[in-house]
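These notes concern the structure reproduced below.
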Amino acid sequence: MNTCIISVGEPKEPYFRDAFAEYQKRMRAYGGMESVLVKPAATPGRDLKPEEIAQTLEREGKSILQILSQPRFNRAYKIALCVEGEQLSSEGLAKALDRAALSGKSGAVFIIGSSWGLSGEVKAACDLRLSFSPMTFPHSLFRVMLAEQIYRASCILAGSKYHK
């Protein structure tokens with residue numbers, strides 16, 4: 001299954017970029033994994049008022065929804081990564097992706113928001129809300145963790161020995 005990760009912000013650390021690229025390379029055997037980076041909305045600083053956070057999420061959400069409106073994503077299984085989402089095991093993620101493929105979905109799109117999260121509109125546009133943990137992770141590290149889990153799910157579905 002073709003996969004795409006849409007994420008707000010670009011990883012600054014070269015070791016996180018390299019780790020992500022390694023999983024992209026491994027995913028070539030399973031249909032590939034594309035990365036689409038969304039520029040974070042400009043903010044007046046880090047300590048934002050609730051209304052400023054809402055405006056930021058709305059601006060970033062519009063950018064994400066514009067990407068999702070592309071014809072290539074019309075039949076994709078859309079997954080919002082958010083703390084209030086469902087927690088799945090690696091096998092559970094593999095089963096969810098398999099069910100999506102069997103139901104005619106053309107691929108899977110995973111969406112990672114900024115440090116403020118995702119807008120309600122983006123979450124509403126998705127088929128699944130997924131949470132890795134109630135813990136907070138650095139954005140760049142989480143992107144690598146997600147890429148690894150997508151690769152692991154692909155290996156599970158293919159019967160590979162990678163997943164133990």
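By order of appearance in the structure tokens: chains A, B, ..., then residues from 1 within every chain, and ligands from 1 in the order shown.
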Next on the checklist: List the spatial neighbours of A:Leu88 as a list in words - criterion: any atom at most 12 Å away, only C-alpha atoms, same-chain residues fewer than 3 positions off excluded.
Outcome noted: Leu81, Gly85, Glu91, Gly92, Leu93, Ala94, Lys95, Ala96, Leu97, Leu128, Arg129, Leu130, Ser131, Phe132, Ser133, Gln149 and Ala153 of chain A
Checklist entry - Can you list, as a PyMOL selection string, every protein, DNA or RNA residue that comes within 8 Å of A:Ala76 when you count only C-alpha atoms, leaving out same-chain residues fewer than 4 positions away? => result chain A and resi 72+105-109
Write the residues of the preceding selection, restricted to N, CA and C atoms, as a short mmCIF file (atom, residue, chain, number, x, y, z; two decimals), in the first residue's frame.
```
data_model
loop_
_atom_site.label_atom_id
_atom_site.label_comp_id
_atom_site.auth_asym_id
_atom_site.auth_seq_id
_atom_site.Cartn_x
_atom_site.Cartn_y
_atom_site.Cartn_z
N ARG A 72 -5.27 12.62 -5.85
CA ARG A 72 -4.55 11.39 -5.48
C ARG A 72 -4.88 10.93 -4.06
N LYS A 105 -9.45 1.34 -0.42
CA LYS A 105 -8.66 2.57 -0.23
C LYS A 105 -7.39 2.47 -1.09
N SER A 106 -6.99 3.59 -1.67
CA SER A 106 -5.86 3.61 -2.59
C SER A 106 -4.51 3.71 -1.90
N GLY A 107 -4.51 4.04 -0.64
CA GLY A 107 -3.27 4.19 0.11
C GLY A 107 -3.61 4.73 1.49
N ALA A 108 -2.58 5.02 2.26
CA ALA A 108 -2.78 5.56 3.60
C ALA A 108 -2.03 6.88 3.73
N VAL A 109 -2.69 7.86 4.34
CA VAL A 109 -2.09 9.16 4.58
C VAL A 109 -2.12 9.40 6.08
#
```
Checklist entry - Just how far from atom CA of A:Ser115 is atom CA of A:Glu52, in Å to one decimal? => result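 These two atoms are separated by 13.4 Å.
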Next on the checklist: I'd like to know which of A:Gly31, A:Gly61, A:Pro50, A:Pro11 is closest to A:Glu121, using only C-alpha atoms.
Outcome noted: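 Of A:Gly31, A:Gly61, A:Pro50, A:Pro11, the one nearest A:Glu121, counting only C-alpha atoms, is A:Gly61.
Distance check against A:Lys39 using only C-alpha atoms: of A:Glu10, A:Asp98, A:Glu51, A:Glu58, the minimum falls on A:Glu10.
Taking atom CA of A:Cys155 and atom CA of A:Phe142 as endpoints, the distance between them is 19.7 Å.
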Checklist entry - With distances taken over only C-alpha atoms, which of A:Glu148, A:Asp18, A:Glu34, A:Glu13 is nearest to A:Ile111? => result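 The shortest atom-to-atom distance to A:Ile111 comes from A:Glu34.
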Checklist entry - Distance atom CA of A:Pro138-atom CA of A:Asp47, one decimal place? => result 17.7 Å
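With only C-alpha atoms as the basis for measurement, A:Arg143 is the residue among A:Arg143, A:Lys161, A:Lys25, A:Arg152 that approaches A:Leu37 most closely.
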Checklist entry - Any idea what's packed within 12 Å of A:Ile64, counting only C-alpha atoms, ignoring anything in its chain fewer than 5 positions away? Could you give it as a PyMOL selection string? => result chain A and resi 5-9+36-41+57-59+69-70+73+78+80+109-114+118-123+125-126
Expected file contents, prior selection, N, CA and C atoms, as a compact mmCIF listing (two decimals), in the first residue's frame:
```
# COMPACT_ATOMS: atom_id res chain seq x y z
N ILE A 5 3.18 10.56 4.53
CA ILE A 5 3.17 11.23 5.82
C ILE A 5 3.17 12.73 5.55
N ILE A 6 2.12 13.38 5.99
CA ILE A 6 2.04 14.84 5.92
C ILE A 6 2.38 15.34 7.31
N SER A 7 3.37 16.21 7.41
CA SER A 7 3.74 16.72 8.73
C SER A 7 4.02 18.21 8.67
N VAL A 8 3.63 18.86 9.75
CA VAL A 8 3.87 20.31 9.87
C VAL A 8 5.28 20.51 10.43
N GLY A 9 6.08 21.25 9.70
CA GLY A 9 7.44 21.53 10.13
C GLY A 9 8.43 20.56 9.51
N VAL A 36 5.35 14.71 2.83
CA VAL A 36 4.92 16.05 2.43
C VAL A 36 5.05 16.94 3.66
N LEU A 37 5.86 17.97 3.54
CA LEU A 37 6.09 18.88 4.65
C LEU A 37 5.24 20.14 4.48
N VAL A 38 4.60 20.54 5.56
CA VAL A 38 3.76 21.73 5.57
C VAL A 38 4.47 22.78 6.40
N LYS A 39 4.55 23.98 5.87
CA LYS A 39 5.20 25.06 6.60
C LYS A 39 4.34 25.45 7.81
N PRO A 40 4.96 25.51 9.00
CA PRO A 40 4.19 25.93 10.18
C PRO A 40 3.68 27.36 10.03
N ALA A 41 2.52 27.62 10.59
CA ALA A 41 1.98 28.98 10.57
C ALA A 41 2.84 29.88 11.45
N LEU A 57 -3.81 26.79 14.43
CA LEU A 57 -4.31 25.48 13.99
C LEU A 57 -5.20 25.62 12.76
N GLU A 58 -5.99 26.67 12.71
CA GLU A 58 -6.86 26.90 11.56
C GLU A 58 -6.04 27.14 10.29
N ARG A 59 -4.99 27.97 10.40
CA ARG A 59 -4.15 28.25 9.22
C ARG A 59 -3.41 27.00 8.77
N SER A 69 -7.10 17.58 -0.44
CA SER A 69 -8.10 17.73 -1.50
C SER A 69 -7.56 17.34 -2.88
N GLN A 70 -6.26 17.05 -2.97
CA GLN A 70 -5.69 16.63 -4.25
C GLN A 70 -6.33 15.30 -4.65
N PHE A 73 -5.45 11.81 -3.25
CA PHE A 73 -5.81 11.44 -1.88
C PHE A 73 -7.31 11.20 -1.70
N LYS A 78 -7.23 8.09 5.58
CA LYS A 78 -6.61 9.24 6.24
C LYS A 78 -6.56 9.02 7.75
N ALA A 80 -5.26 10.72 11.36
CA ALA A 80 -4.78 11.87 12.13
C ALA A 80 -4.03 11.35 13.36
N VAL A 109 -2.69 7.86 4.34
CA VAL A 109 -2.09 9.16 4.58
C VAL A 109 -2.12 9.40 6.08
N PHE A 110 -0.95 9.58 6.67
CA PHE A 110 -0.80 9.87 8.08
C PHE A 110 -0.52 11.35 8.24
N ILE A 111 -1.18 12.00 9.19
CA ILE A 111 -1.04 13.45 9.33
C ILE A 111 -0.55 13.79 10.74
N ILE A 112 0.60 14.45 10.80
CA ILE A 112 1.20 14.89 12.05
C ILE A 112 1.09 16.41 12.10
N GLY A 113 0.49 16.94 13.14
CA GLY A 113 0.35 18.38 13.28
C GLY A 113 1.59 19.03 13.88
N SER A 114 1.46 20.30 14.17
CA SER A 114 2.54 21.04 14.81
C SER A 114 2.54 20.74 16.31
N LEU A 118 -3.52 19.28 15.75
CA LEU A 118 -4.24 19.40 14.49
C LEU A 118 -5.57 20.10 14.72
N SER A 119 -6.04 20.79 13.71
CA SER A 119 -7.34 21.46 13.81
C SER A 119 -8.46 20.41 13.84
N GLY A 120 -9.58 20.79 14.39
CA GLY A 120 -10.75 19.92 14.39
C GLY A 120 -11.19 19.55 12.99
N GLU A 121 -11.03 20.47 12.04
CA GLU A 121 -11.42 20.21 10.65
C GLU A 121 -10.57 19.10 10.05
N VAL A 122 -9.29 19.10 10.35
CA VAL A 122 -8.41 18.05 9.82
C VAL A 122 -8.79 16.72 10.45
N LYS A 123 -8.98 16.71 11.76
CA LYS A 123 -9.35 15.46 12.44
C LYS A 123 -10.67 14.92 11.89
N ALA A 125 -11.80 15.23 8.93
CA ALA A 125 -11.61 14.76 7.56
C ALA A 125 -10.95 13.38 7.51
N CYS A 126 -10.55 12.86 8.67
CA CYS A 126 -9.81 11.60 8.72
C CYS A 126 -10.71 10.42 9.06
```
Next on the checklist: Write out as a ChimeraX atom specification the set of residues from chain A that DSSP, computed on the backbone, places in strand (DSSP E).
Outcome noted: /A:2-8,33-38,77-86,107-112,128-130
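With only C-alpha atoms as the atoms that count, the minimum distance from A:Tyr30 to the choices A:Met145, A:Cys82, A:Met1, A:Ile53 is reached by A:Met1.
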Next on the checklist: Please determine, counting only C-alpha atoms, which residue among A:Ile67, A:Ala100, A:Cys4, A:Ala54 has the shortest atom-to-atom distance to A:Gly32.
Outcome noted: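 Under the stated criterion, the closest residue is A:Cys4.
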Checklist entry - Quick one: DSSP alpha helix (DSSP H) residues in stretch 38-78 of chain A, as a list in words? => result Pro50, Glu51, Glu52, Ile53, Ala54, Gln55, Thr56, Leu57, Glu58, Arg59, Glu60, Gly61, Lys62, Ser63, Ile64, Leu65, Gln66, Ile67 and Leu68 of chain A
Once you have the residues from the selection above, write them out as a compact mmCIF listing (two decimals), in the first residue's frame, restricted to C-alpha atoms.
```txt
# COMPACT_ATOMS: atom_id res chain seq x y z
CA PRO A 50 -5.86 30.07 23.38
CA GLU A 51 -7.32 32.18 20.56
CA GLU A 52 -3.87 32.50 18.95
CA ILE A 53 -3.43 28.72 19.11
CA ALA A 54 -6.85 28.26 17.50
CA GLN A 55 -5.92 30.67 14.70
CA THR A 56 -2.59 28.87 14.19
CA LEU A 57 -4.31 25.48 13.99
CA GLU A 58 -6.86 26.90 11.56
CA ARG A 59 -4.15 28.25 9.22
CA GLU A 60 -2.14 25.02 9.35
CA GLY A 61 -5.35 23.03 8.93
CA LYS A 62 -6.22 24.90 5.75
CA SER A 63 -2.82 24.00 4.31
CA ILE A 64 -3.27 20.33 5.24
CA LEU A 65 -6.83 20.19 3.88
CA GLN A 66 -5.64 21.75 0.62
CA ILE A 67 -3.13 18.90 0.27
CA LEU A 68 -5.77 16.30 1.17
```
